[in-house]
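**Q** What follows is final27.txt, made up of compact mmCIF, C-alpha atoms:
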```txt
# COMPACT_ATOMS: atom_id res chain seq x y z
CA GLN E 1 0.00 0.00 0.00
CA LYS E 2 1.43 3.36 -1.06
CA THR E 3 0.62 5.81 1.69
CA ALA E 4 1.93 9.13 2.90
CA TYR E 5 0.85 11.66 5.46
CA GLU E 6 0.92 15.35 6.09
CA ILE E 7 2.62 16.31 9.32
CA THR E 8 -0.12 18.65 10.49
CA TYR E 9 -3.35 17.40 8.91
CA GLY E 10 -4.92 15.36 6.10
CA ASP E 11 -3.26 12.59 4.14
CA TRP E 12 -1.29 12.12 0.93
CA SER E 13 -1.18 9.07 -1.33
CA SER E 14 1.37 8.20 -4.00
CA ASP E 15 0.19 8.69 -7.61
CA VAL E 16 -2.73 10.89 -6.47
CA CYS E 17 -2.88 14.62 -7.22
CA SER E 18 -3.71 16.77 -4.22
CA SER E 19 -4.49 20.46 -3.89
CA ASP E 20 -4.06 22.55 -0.78
CA LEU E 21 -3.31 26.05 0.50
CA VAL E 22 -0.05 27.09 2.08
CA SER E 23 -0.79 27.42 5.77
CA GLY E 24 -0.73 30.62 7.77
CA THR E 25 2.84 29.89 8.88
CA GLY E 26 4.01 29.98 5.24
CA ILE E 27 5.11 26.32 5.11
CA ASP E 28 3.36 22.93 4.75
CA TYR E 29 5.02 19.60 5.56
CA TYR E 30 4.45 16.19 3.98
CA GLY E 31 6.03 12.84 4.70
CA TYR E 32 6.49 9.63 2.73
CA GLU E 33 8.21 6.35 3.59
CA ALA E 34 10.38 4.92 0.81
CA LYS E 35 10.58 1.14 0.64
CA PRO E 36 13.64 -1.06 0.03
CA GLU E 37 12.29 -1.79 -3.46
CA THR E 38 11.74 1.90 -4.37
CA LEU E 39 13.58 2.94 -7.54
CA GLU E 40 12.52 6.57 -7.73
CA LEU E 41 10.55 9.25 -5.91
CA ARG E 42 9.32 12.08 -8.12
CA VAL E 43 7.67 15.05 -6.41
CA GLU E 44 5.96 17.72 -8.53
CA LEU E 45 4.70 21.06 -7.24
CA VAL E 46 2.69 23.51 -9.33
CA PRO E 47 1.83 26.83 -7.67
CA VAL E 48 -1.19 28.78 -8.85
CA ARG E 49 0.32 32.12 -7.93
CA ASN E 50 3.25 33.55 -5.96
CA ASP E 51 6.64 31.94 -5.45
CA VAL E 52 6.67 28.52 -3.78
CA ASN E 53 9.75 26.38 -3.07
CA LEU E 54 9.93 22.59 -2.70
CA LEU E 55 12.40 21.28 -0.10
CA ALA E 56 13.28 17.73 0.98
CA ARG E 57 15.23 15.88 3.64
CA ARG E 58 15.48 12.26 4.75
CA GLU E 59 14.60 11.67 8.41
CA LEU E 60 14.30 14.42 10.99
CA LEU E 61 14.93 17.36 11.38
CA LEU E 62 12.25 18.81 9.10
CA PRO E 63 13.43 20.81 6.07
CA ARG E 64 13.02 24.58 5.92
CA GLY E 65 14.32 27.48 3.87
CA ASP E 66 17.76 27.50 5.51
CA PHE E 67 18.02 23.77 6.29
CA TYR E 68 17.43 21.06 3.68
CA THR E 69 19.17 18.37 1.62
CA LEU E 70 17.40 18.82 -1.72
CA ALA E 71 15.54 21.82 -3.10
CA SER E 72 13.73 23.07 -6.18
CA THR E 73 13.61 26.86 -6.06
CA ASN E 74 12.50 28.19 -9.44
CA SER E 75 11.46 31.83 -9.44
CA GLY E 76 7.91 33.11 -9.61
CA SER E 77 5.06 30.68 -10.28
CA GLN E 78 7.21 28.20 -12.24
CA PRO E 79 6.65 24.51 -11.36
CA GLU E 80 9.05 22.79 -8.97
CA GLU E 81 10.23 19.17 -9.21
CA LEU E 82 12.47 16.82 -7.24
CA ILE E 83 13.58 13.46 -8.66
CA ILE E 84 15.20 11.27 -6.00
CA THR E 85 17.11 8.15 -7.07
CA SER E 86 20.10 6.13 -5.84
CA ASN E 87 22.50 8.39 -7.77
CA THR E 88 21.03 11.74 -6.72
CA VAL E 89 23.64 14.37 -5.82
CA PRO E 90 24.56 15.23 -3.10
CA ALA E 91 25.02 11.76 -1.60
CA ALA E 92 22.99 12.73 1.47
CA GLY E 93 20.01 13.19 -0.88
CA ALA E 94 20.38 9.83 -2.61
CA LEU E 95 17.40 7.52 -2.34
CA ARG E 96 17.42 5.20 0.65
CA PRO E 97 14.59 3.39 2.43
CA GLY E 98 13.01 5.27 5.28
CA GLN E 99 11.03 8.39 6.03
CA TRP E 100 11.37 11.36 3.68
CA PHE E 101 10.00 14.79 4.54
CA PHE E 102 8.96 17.47 2.05
CA ALA E 103 8.24 21.14 2.67
CA VAL E 104 6.20 23.49 0.48
CA GLU E 105 7.39 26.96 1.43
CA ASN E 106 5.68 30.18 0.40
CA VAL E 107 8.33 32.83 -0.30
CA THR E 108 8.07 36.45 -1.40
CA ASP E 109 11.55 37.13 -2.77
CA PRO E 110 14.86 35.37 -3.58
CA GLY E 111 15.88 35.94 0.01
CA GLY E 112 13.36 33.36 1.12
CA ASN E 113 11.16 35.51 3.37
CA LEU E 114 7.94 33.81 4.41
CA ALA E 115 4.80 35.19 2.79
CA LEU E 116 2.77 35.18 5.96
CA ALA E 117 0.05 37.50 4.71
CA THR E 118 -0.96 35.78 1.46
CA ASN E 119 -1.97 32.15 1.06
CA THR E 120 -1.33 30.57 -2.33
CA ALA E 121 -2.96 27.51 -3.85
CA TYR E 122 -0.84 24.71 -5.28
CA THR E 123 -1.08 21.19 -6.66
CA LEU E 124 1.30 18.60 -5.27
CA ARG E 125 1.96 15.05 -6.44
CA LEU E 126 4.36 12.34 -5.37
CA ARG E 127 4.94 9.36 -7.62
CA GLU E 128 6.83 6.36 -6.28
CA VAL E 129 8.18 3.76 -8.68
CA THR E 130 9.24 0.41 -7.23
CA THR E 131 10.75 -2.66 -8.84
CA ASN E 132 7.22 -4.12 -8.92
CA ASP E 133 6.06 -1.21 -11.12
CA VAL E 134 8.56 -1.98 -13.90
CA THR E 135 7.75 -4.73 -16.42
CA ARG E 136 10.71 -6.69 -17.79
CA LEU E 137 10.53 -7.18 -21.55
CA SER E 138 11.76 -10.26 -23.43
CA ASN E 139 13.19 -10.12 -26.93
CA GLY E 140 10.42 -10.35 -29.54
CA VAL E 141 7.64 -10.97 -26.98
CA PRO E 142 4.88 -8.28 -26.91
CA ALA E 143 3.46 -7.04 -23.60
CA LEU E 144 -0.27 -6.23 -23.60
CA THR E 145 -1.39 -3.61 -21.10
CA ARG E 146 -3.63 -0.57 -20.56
CA VAL E 147 -2.23 2.79 -19.46
CA ALA E 148 -4.21 4.54 -16.75
CA SER E 149 -5.52 8.07 -17.16
CA GLY E 150 -5.18 11.03 -14.84
CA CYS E 151 -2.18 11.36 -12.52
CA ASP E 152 -1.05 7.73 -12.75
CA ASN E 153 -0.60 7.79 -16.52
CA ILE E 154 2.89 6.29 -16.98
CA ASP E 155 3.95 2.65 -17.42
CA TYR E 156 7.60 1.63 -17.10
CA TYR E 157 9.47 -1.20 -18.82
CA VAL E 158 13.06 -2.47 -18.73
CA PHE E 159 15.07 -4.44 -21.26
CA ARG E 160 18.66 -5.66 -20.95
CA VAL E 161 20.54 -5.28 -24.22
CA SER E 162 22.83 -8.23 -24.97
CA THR E 163 26.57 -7.76 -25.40
CA GLY E 164 27.35 -7.52 -29.11
CA ALA E 165 23.89 -6.30 -30.15
CA VAL E 166 24.04 -4.03 -33.24
CA GLU E 167 20.51 -2.61 -32.94
CA VAL E 168 17.62 -2.54 -30.50
CA ALA E 169 14.08 -1.44 -31.43
CA PHE E 170 11.19 -0.64 -29.10
CA LYS E 171 7.76 -0.51 -30.74
CA VAL E 172 4.31 0.41 -29.46
CA PHE E 173 1.42 -0.72 -31.66
CA ASN E 174 -2.35 -1.33 -31.60
CA ALA E 175 -2.80 1.61 -29.22
CA GLU E 176 -6.37 2.87 -28.86
CA SER E 177 -5.27 6.52 -28.60
CA ASN E 178 -2.18 8.66 -28.99
CA LEU E 179 0.66 7.89 -26.59
CA ALA E 180 4.29 8.96 -26.19
CA LEU E 181 7.28 6.64 -25.86
CA TYR E 182 10.36 7.73 -23.87
CA LEU E 183 13.67 5.92 -23.61
CA GLY E 184 16.33 6.22 -20.93
CA ARG E 185 19.19 4.30 -19.35
CA GLY E 186 19.26 3.77 -15.61
CA THR E 187 17.85 6.41 -13.30
CA PRO E 188 16.31 8.94 -13.30
CA LEU E 189 13.60 7.06 -15.15
CA PRO E 190 12.69 8.52 -18.58
CA SER E 191 10.10 11.29 -18.71
CA PRO E 192 9.01 14.03 -21.14
CA ALA E 193 11.66 16.32 -19.63
CA GLN E 194 14.48 13.76 -19.24
CA ASN E 195 15.09 11.07 -21.87
CA LEU E 196 17.61 9.81 -24.41
CA ALA E 197 15.02 9.57 -27.18
CA SER E 198 11.26 10.01 -27.59
CA ARG E 199 8.54 9.30 -30.10
CA THR E 200 4.89 10.34 -30.34
CA LEU E 201 2.66 7.64 -31.80
CA LEU E 202 0.97 8.16 -35.18
CA PRO E 203 -2.24 6.63 -36.59
CA GLY E 204 -1.64 3.25 -38.26
CA ALA E 205 -3.66 0.51 -39.90
CA THR E 206 -4.68 -1.07 -36.57
CA GLY E 207 -4.35 1.86 -34.19
CA PHE E 208 -1.69 4.31 -33.10
CA GLU E 209 1.89 3.06 -33.40
CA GLY E 210 5.51 4.19 -33.28
CA ASP E 211 9.00 2.89 -32.54
CA LEU E 212 12.44 3.90 -31.32
CA ARG E 213 15.63 2.33 -32.72
CA LEU E 214 19.12 2.56 -31.30
CA THR E 215 22.32 1.41 -33.01
```
Could I get this structure in the form of structure tokens?

**A**
Amino acid sequence: QKTAYEITYGDWSSDVCSSDLVSGTGIDYYGYEAKPETLELRVELVPVRNDVNLLARRELLLPRGDFYTLASTNSGSQPEELIITSNTVPAAGALRPGQWFFAVENVTDPGGNLALATNTAYTLRLREVTTNDVTRLSNGVPALTRVASGCDNIDYYVFRVSTGAVEVAFKVFNAESNLALYLGRGTPLPSPAQNLASRTLLPGATGFEGDLRLT
């Protein structure tokens, strides 16, 4: 069961979008427990207005503007994102099992002053990917599945390329609607923003299809 909790109130579940307001103190806290089989934690924060920072730290003490391990601090109302894997830098921020704490901090200027007077709405999502969420592909054997809609709209696959291979091709076919295919090596896992190659599917004879080939 993928569960998380907010330090002060409410709850937070992996793969579920949540909306909230920055509290009167200017900072909200969330917690999530990474498992031994977790490959990646991806936390996305989209503010509606004002400048909001996303901070993270494993175990206590709680993160804040002047005390954190990882941070996404884009200016203005730009989205924030943290991708935590086993090779995240610095080493203290690398993914390990245990309790992770996240802070959404409302700031008014680059100096990091708390915006105590003005609440700001935001959307926050954590997505955890474990080894059980990744399907291992076999050479020449198709995998039939259905991609979910909404927040949980990504499926992951892995394929080990043999030594001496001269080409590898990944193909999606018979899709009922348009999809996108992203390719990466290791972690972070591939995404629209981070990938080695990508392909948007096109209409074919039996549905949408597309492939990626590497040599």

**Q** Measuring between all atoms listed in the file, which one of E:Leu181, E:Ala143, E:Leu214, E:Ile83 shows the shortest distance to Val166 of chain E?

**A**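 Among the listed residues, the smallest separation from Val166 of chain E belongs to E:Leu214.
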
**Q** Tell me which of E:Thr85, E:Thr215, E:Ser198, E:Ser75 sits closest to Glu128 of chain E, counting only C-alpha atoms.

**A**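 The closest residue to Glu128 of chain E is E:Thr85.
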
**Q** For the atom pair atom CA of Leu62 of chain E and atom CA of Tyr29 of chain E, what is the interatomic distance in Å to one decimal place?

**A**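 Going from atom CA of Leu62 of chain E over to atom CA of Tyr29 of chain E, I get 8.1 Å.
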
**Q** In Å, how far is it from atom CA of Leu60 of chain E to atom CA of Tyr122 of chain E?

**A** 24.5 Å

**Q** In Å, how far is it from atom CA of Ala169 of chain E to atom CA of Asn195 of chain E?

**A** 15.8 Å

**Q** With distances taken over all atoms listed in the file, which of E:Ser77, E:Thr131, E:Thr206, E:Thr69 is nearest to Arg57 of chain E?

**A**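 Once distances to Arg57 of chain E are computed over all atoms listed in the file, the minimum belongs to E:Thr69.
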
**Q** Give me the residues near Pro97 of chain E as a ChimeraX atom specification, where near means some atom within 7 Å (using all atoms listed in the file) and where sequence neighbours in that chain fewer than 5 positions away do not count.

**A** /E:34-36

**Q** Pick out the closest residue to Lys171 of chain E from this set: E:Leu201, E:Val158, E:Ala148, E:Leu41. Count all atoms listed in the file.

**A**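 Answer, going by the shortest atom-to-atom distance: E:Leu201.
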
**Q** With 10 Å as the threshold, what does the neighbourhood of (18.8, 3.8, -4.8) contain in terms of residues, counting only C-alpha atoms? Coordinates are those of the file; answer as a list in words.

**A** Pro36, Glu37, Thr38, Leu39, Glu40, Leu41, Ile84, Thr85, Ser86, Asn87, Thr88, Ala94, Leu95, Arg96, Pro97 and Thr187 of chain E

**Q** As a VMD selection string, please: the residues near Glu209 of chain E (cut-off 10 Å, all atoms listed in the file, same-chain neighbours under 6 positions excluded).

**A** chain E and resid 171 to 181 199 to 203

**Q** Determine, counting only C-alpha atoms, which protein, DNA and RNA residues have an atom within 9 Å of an atom of Phe101 of chain E; residues of the same chain fewer than 4 positions away are not included. Present the result as a list in words.

**A**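 With the cut-off at 9 Å, the set is Ile7, Tyr29, Tyr30, Gly31, Tyr32, Glu33, Leu55, Ala56, Arg57, Arg58, Glu59, Leu60, Leu61, Leu62 and Pro63 of chain E.
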
**Q** Can you list, as a PDB file with C-alpha atoms, in the coordinates of the input, every protein, DNA or RNA residue that comes within 12 Å of Gly65 of chain E when you count all atoms listed in the file, leaving out same-chain residues fewer than 3 positions away?

**A**
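The result, stored in part18.pdb:
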```
ATOM      1  CA  GLY E  26       4.010  29.980   5.240  1.00  0.00           C
ATOM      2  CA  ILE E  27       5.110  26.320   5.110  1.00  0.00           C
ATOM      3  CA  ASP E  28       3.360  22.930   4.750  1.00  0.00           C
ATOM      4  CA  VAL E  52       6.670  28.520  -3.780  1.00  0.00           C
ATOM      5  CA  ASN E  53       9.750  26.380  -3.070  1.00  0.00           C
ATOM      6  CA  LEU E  54       9.930  22.590  -2.700  1.00  0.00           C
ATOM      7  CA  LEU E  55      12.400  21.280  -0.100  1.00  0.00           C
ATOM      8  CA  ALA E  56      13.280  17.730   0.980  1.00  0.00           C
ATOM      9  CA  ARG E  57      15.230  15.880   3.640  1.00  0.00           C
ATOM     10  CA  LEU E  62      12.250  18.810   9.100  1.00  0.00           C
ATOM     11  CA  TYR E  68      17.430  21.060   3.680  1.00  0.00           C
ATOM     12  CA  THR E  69      19.170  18.370   1.620  1.00  0.00           C
ATOM     13  CA  LEU E  70      17.400  18.820  -1.720  1.00  0.00           C
ATOM     14  CA  ALA E  71      15.540  21.820  -3.100  1.00  0.00           C
ATOM     15  CA  SER E  72      13.730  23.070  -6.180  1.00  0.00           C
ATOM     16  CA  THR E  73      13.610  26.860  -6.060  1.00  0.00           C
ATOM     17  CA  PHE E 102       8.960  17.470   2.050  1.00  0.00           C
ATOM     18  CA  ALA E 103       8.240  21.140   2.670  1.00  0.00           C
ATOM     19  CA  VAL E 104       6.200  23.490   0.480  1.00  0.00           C
ATOM     20  CA  GLU E 105       7.390  26.960   1.430  1.00  0.00           C
ATOM     21  CA  ASN E 106       5.680  30.180   0.400  1.00  0.00           C
ATOM     22  CA  VAL E 107       8.330  32.830  -0.300  1.00  0.00           C
ATOM     23  CA  PRO E 110      14.860  35.370  -3.580  1.00  0.00           C
ATOM     24  CA  GLY E 111      15.880  35.940   0.010  1.00  0.00           C
ATOM     25  CA  GLY E 112      13.360  33.360   1.120  1.00  0.00           C
ATOM     26  CA  ASN E 113      11.160  35.510   3.370  1.00  0.00           C
ATOM     27  CA  LEU E 114       7.940  33.810   4.410  1.00  0.00           C
TER      28      LEU E 114
END
```

**Q** Would you pick out the contacts of Asp133 of chain E at 8 Å or less, using all atoms listed in the file, so that residues sharing its chain but fewer than 4 positions from it are not included, and give the list as a PyMOL selection string?

**A** chain E and resi 129+155-156
